[in-house]
Amino acid sequence: MRGFSRSAETSSWRPVRTVKLRCHLRRVGTVKDTIHTTELDTAYLRGRQLLEKRKYAQALYVLHDYRDRNTAIALLSLGQDREALRILEALPATAISEYLRAIACSRLGRKAEGRRHFLEACRRDERMEYRAALDPEIDELLKN
């Protein structure tokens with residue numbers, strides 16, 4: 001009869017009071033480095049809206065410090081392909097980032113590398129194969 005006192009087993013059947021003890025251990029002097037918030041980053045949102053409106057220079061001005069995929073798209077749209085590729089190389093490999101790397105490499109004349117990035121994008125997401133026919137820069141990479 002787990003959770004009951006010995007005397008409760010023979011007479012009144014009152015449960016024994018149990019206490020859960022939870023310990024959170026941390027070193028003294030550590031600083032919490034992660035902050036979670038539900039507040040929207042309005043600057044980033046404005047940068048994305050500028051991208052959608054094809055105001056690339058203004059979008060880049062807002063997005064430059066984020067150094068993410070949208071920053072790379074703004075750079076590619078402004079012809080700053082080397083800087084876009086530097087940002088893309090620092091990002092985790094996804095189908096979209098590989099596709100954007102392929103475009104940057106194509107523009108920089110690095111056709112073989114661009115082809116490898118595009119094939120990797122297709123391996124990660126088979127829908128990328130259909131993009132080749134729609135994108136002349138990718139189509140050019142696949143000719144040979």
# chains A, B, ... in the order shown; residues from 1 in each chain; ligands from 1

call {"tool": "residues_around", "arguments": {"residues": "Glu98 in chain A", "least_positions_apart": "4", "cutoff": "8 Å", "atoms": "only C-alpha atoms", "output": "PDB file with C-alpha atoms, in the first residue's frame"}}
result
ATOM      1  CA  ALA A  93      22.044  24.434 -45.609  1.00  0.00           C
ATOM      2  CA  THR A  94      18.396  24.261 -46.667  1.00  0.00           C
ATOM      3  CA  ALA A 102      23.487  28.397 -56.884  1.00  0.00           C
ATOM      4  CA  HIS A 117      24.421  23.814 -54.986  1.00  0.00           C
ATOM      5  CA  PHE A 118      21.381  23.518 -57.244  1.00  0.00           C
ATOM      6  CA  GLU A 120      21.802  19.790 -53.448  1.00  0.00           C
ATOM      7  CA  ALA A 121      18.727  22.053 -53.324  1.00  0.00           C
TER       8      ALA A 121
END

call {"tool": "closest_residue", "arguments": {"among": "A:Leu100, A:Leu50, A:Leu40, A:Ala112", "to": "Asp81 in chain A", "atoms": "only C-alpha atoms"}}
result
A:Leu100

call {"tool": "closest_residue", "arguments": {"among": "A:Ala90, A:Ala72, A:Ile96, A:Val62", "to": "Arg124 in chain A", "atoms": "only C-alpha atoms"}}
result
A:Ile96

call {"tool": "residues_around", "arguments": {"residues": "range 129-134 of chain A", "least_positions_apart": "6", "cutoff": "10 Å", "atoms": "only C-alpha atoms", "output": "PyMOL selection string"}}
result
chain A and resi 99+118-119+121-123+140-142

call {"tool": "write_last_selection", "arguments": {"atoms": "N, CA and C atoms", "output": "short mmCIF file (atom, residue, chain, number, x, y, z; two decimals), in the first residue's frame"}}
result
data_model
loop_
_atom_site.label_atom_id
_atom_site.label_comp_id
_atom_site.auth_asym_id
_atom_site.auth_seq_id
_atom_site.Cartn_x
_atom_site.Cartn_y
_atom_site.Cartn_z
N TYR A 99 19.64 26.88 -53.17
CA TYR A 99 19.16 27.46 -54.43
C TYR A 99 19.74 28.87 -54.61
N PHE A 118 22.74 23.73 -56.75
CA PHE A 118 21.38 23.52 -57.24
C PHE A 118 20.97 22.06 -57.09
N LEU A 119 21.86 21.14 -57.39
CA LEU A 119 21.54 19.72 -57.25
C LEU A 119 21.29 19.37 -55.78
N ALA A 121 20.06 21.49 -53.59
CA ALA A 121 18.73 22.05 -53.32
C ALA A 121 17.64 21.08 -53.78
N CYS A 122 17.84 20.48 -54.95
CA CYS A 122 16.87 19.50 -55.48
C CYS A 122 16.82 18.25 -54.61
N ARG A 123 17.97 17.85 -54.11
CA ARG A 123 18.01 16.67 -53.23
C ARG A 123 17.22 16.94 -51.94
N GLU A 140 20.87 28.01 -67.18
CA GLU A 140 22.21 28.17 -67.76
C GLU A 140 23.22 27.25 -67.06
N LEU A 141 23.06 27.07 -65.75
CA LEU A 141 23.97 26.20 -65.00
C LEU A 141 23.86 24.75 -65.46
N LEU A 142 22.68 24.35 -65.87
CA LEU A 142 22.43 22.95 -66.18
C LEU A 142 22.79 22.59 -67.63
#

call {"tool": "atom_distance", "arguments": {"atom1": "CA of Ala74 in chain A", "atom2": "CA of Arg115 in chain A"}}
result
22.0 Å

call {"tool": "atom_distance", "arguments": {"atom1": "CA of Arg110 in chain A", "atom2": "CA of Ser77 in chain A"}}
result
18.2 Å

call {"tool": "atom_distance", "arguments": {"atom1": "CA of Asp139 in chain A", "atom2": "CA of Asp68 in chain A"}}
result
25.4 Å

call {"tool": "select_by_dssp", "arguments": {"residues": "range 46-139 of chain A", "states": "alpha helix (DSSP H)", "output": "number ranges by chain"}}
result
A: 46-52, 56-63, 69-77, 81-90, 95-107, 111-124, 131-134, 136-139

call {"tool": "closest_residue", "arguments": {"among": "A:Leu78, A:Glu126, A:Ile138, A:Asp41", "to": "Ala59 in chain A", "atoms": "only C-alpha atoms"}}
result
A:Leu78

call {"tool": "residues_around", "arguments": {"residues": "Arg69 in chain A", "least_positions_apart": "5", "cutoff": "8 Å", "atoms": "only C-alpha atoms", "output": "list in words"}}
result
Ile87, Leu88, Leu91 and Ser97 of chain A

call {"tool": "write_last_selection", "arguments": {"atoms": "C-alpha atoms", "output": "PDB file, in the first residue's frame"}}
result
ATOM      1  CA  ILE A  87      26.007  35.495 -45.971  1.00  0.00           C
ATOM      2  CA  LEU A  88      24.512  32.369 -47.555  1.00  0.00           C
ATOM      3  CA  LEU A  91      23.601  30.006 -43.011  1.00  0.00           C
ATOM      4  CA  SER A  97      19.687  28.592 -49.188  1.00  0.00           C
TER       5      SER A  97
END

call {"tool": "decode", "arguments": {"residues": "range 52-70 of chain A", "atoms": "C-alpha atoms", "output": "PDB file, in the first residue's frame"}}
result
ATOM      1  CA  GLU A  52       8.027  42.387 -51.385  1.00  0.00           C
ATOM      2  CA  LYS A  53       7.580  45.869 -52.870  1.00  0.00           C
ATOM      3  CA  ARG A  54      10.919  45.421 -54.695  1.00  0.00           C
ATOM      4  CA  LYS A  55      12.506  48.362 -52.908  1.00  0.00           C
ATOM      5  CA  TYR A  56      15.741  46.453 -52.519  1.00  0.00           C
ATOM      6  CA  ALA A  57      18.080  49.267 -51.441  1.00  0.00           C
ATOM      7  CA  GLN A  58      15.706  50.337 -48.683  1.00  0.00           C
ATOM      8  CA  ALA A  59      15.171  46.716 -47.651  1.00  0.00           C
ATOM      9  CA  LEU A  60      18.923  46.155 -47.468  1.00  0.00           C
ATOM     10  CA  TYR A  61      19.339  49.230 -45.288  1.00  0.00           C
ATOM     11  CA  VAL A  62      16.889  47.717 -42.792  1.00  0.00           C
ATOM     12  CA  LEU A  63      17.934  44.054 -43.083  1.00  0.00           C
ATOM     13  CA  HIS A  64      21.720  44.395 -43.338  1.00  0.00           C
ATOM     14  CA  ASP A  65      22.494  43.613 -39.693  1.00  0.00           C
ATOM     15  CA  TYR A  66      20.298  40.509 -39.640  1.00  0.00           C
ATOM     16  CA  ARG A  67      22.558  38.746 -42.158  1.00  0.00           C
ATOM     17  CA  ASP A  68      19.938  36.122 -43.013  1.00  0.00           C
ATOM     18  CA  ARG A  69      18.280  34.771 -46.149  1.00  0.00           C
ATOM     19  CA  ASN A  70      16.274  37.955 -46.716  1.00  0.00           C
TER      20      ASN A  70
END
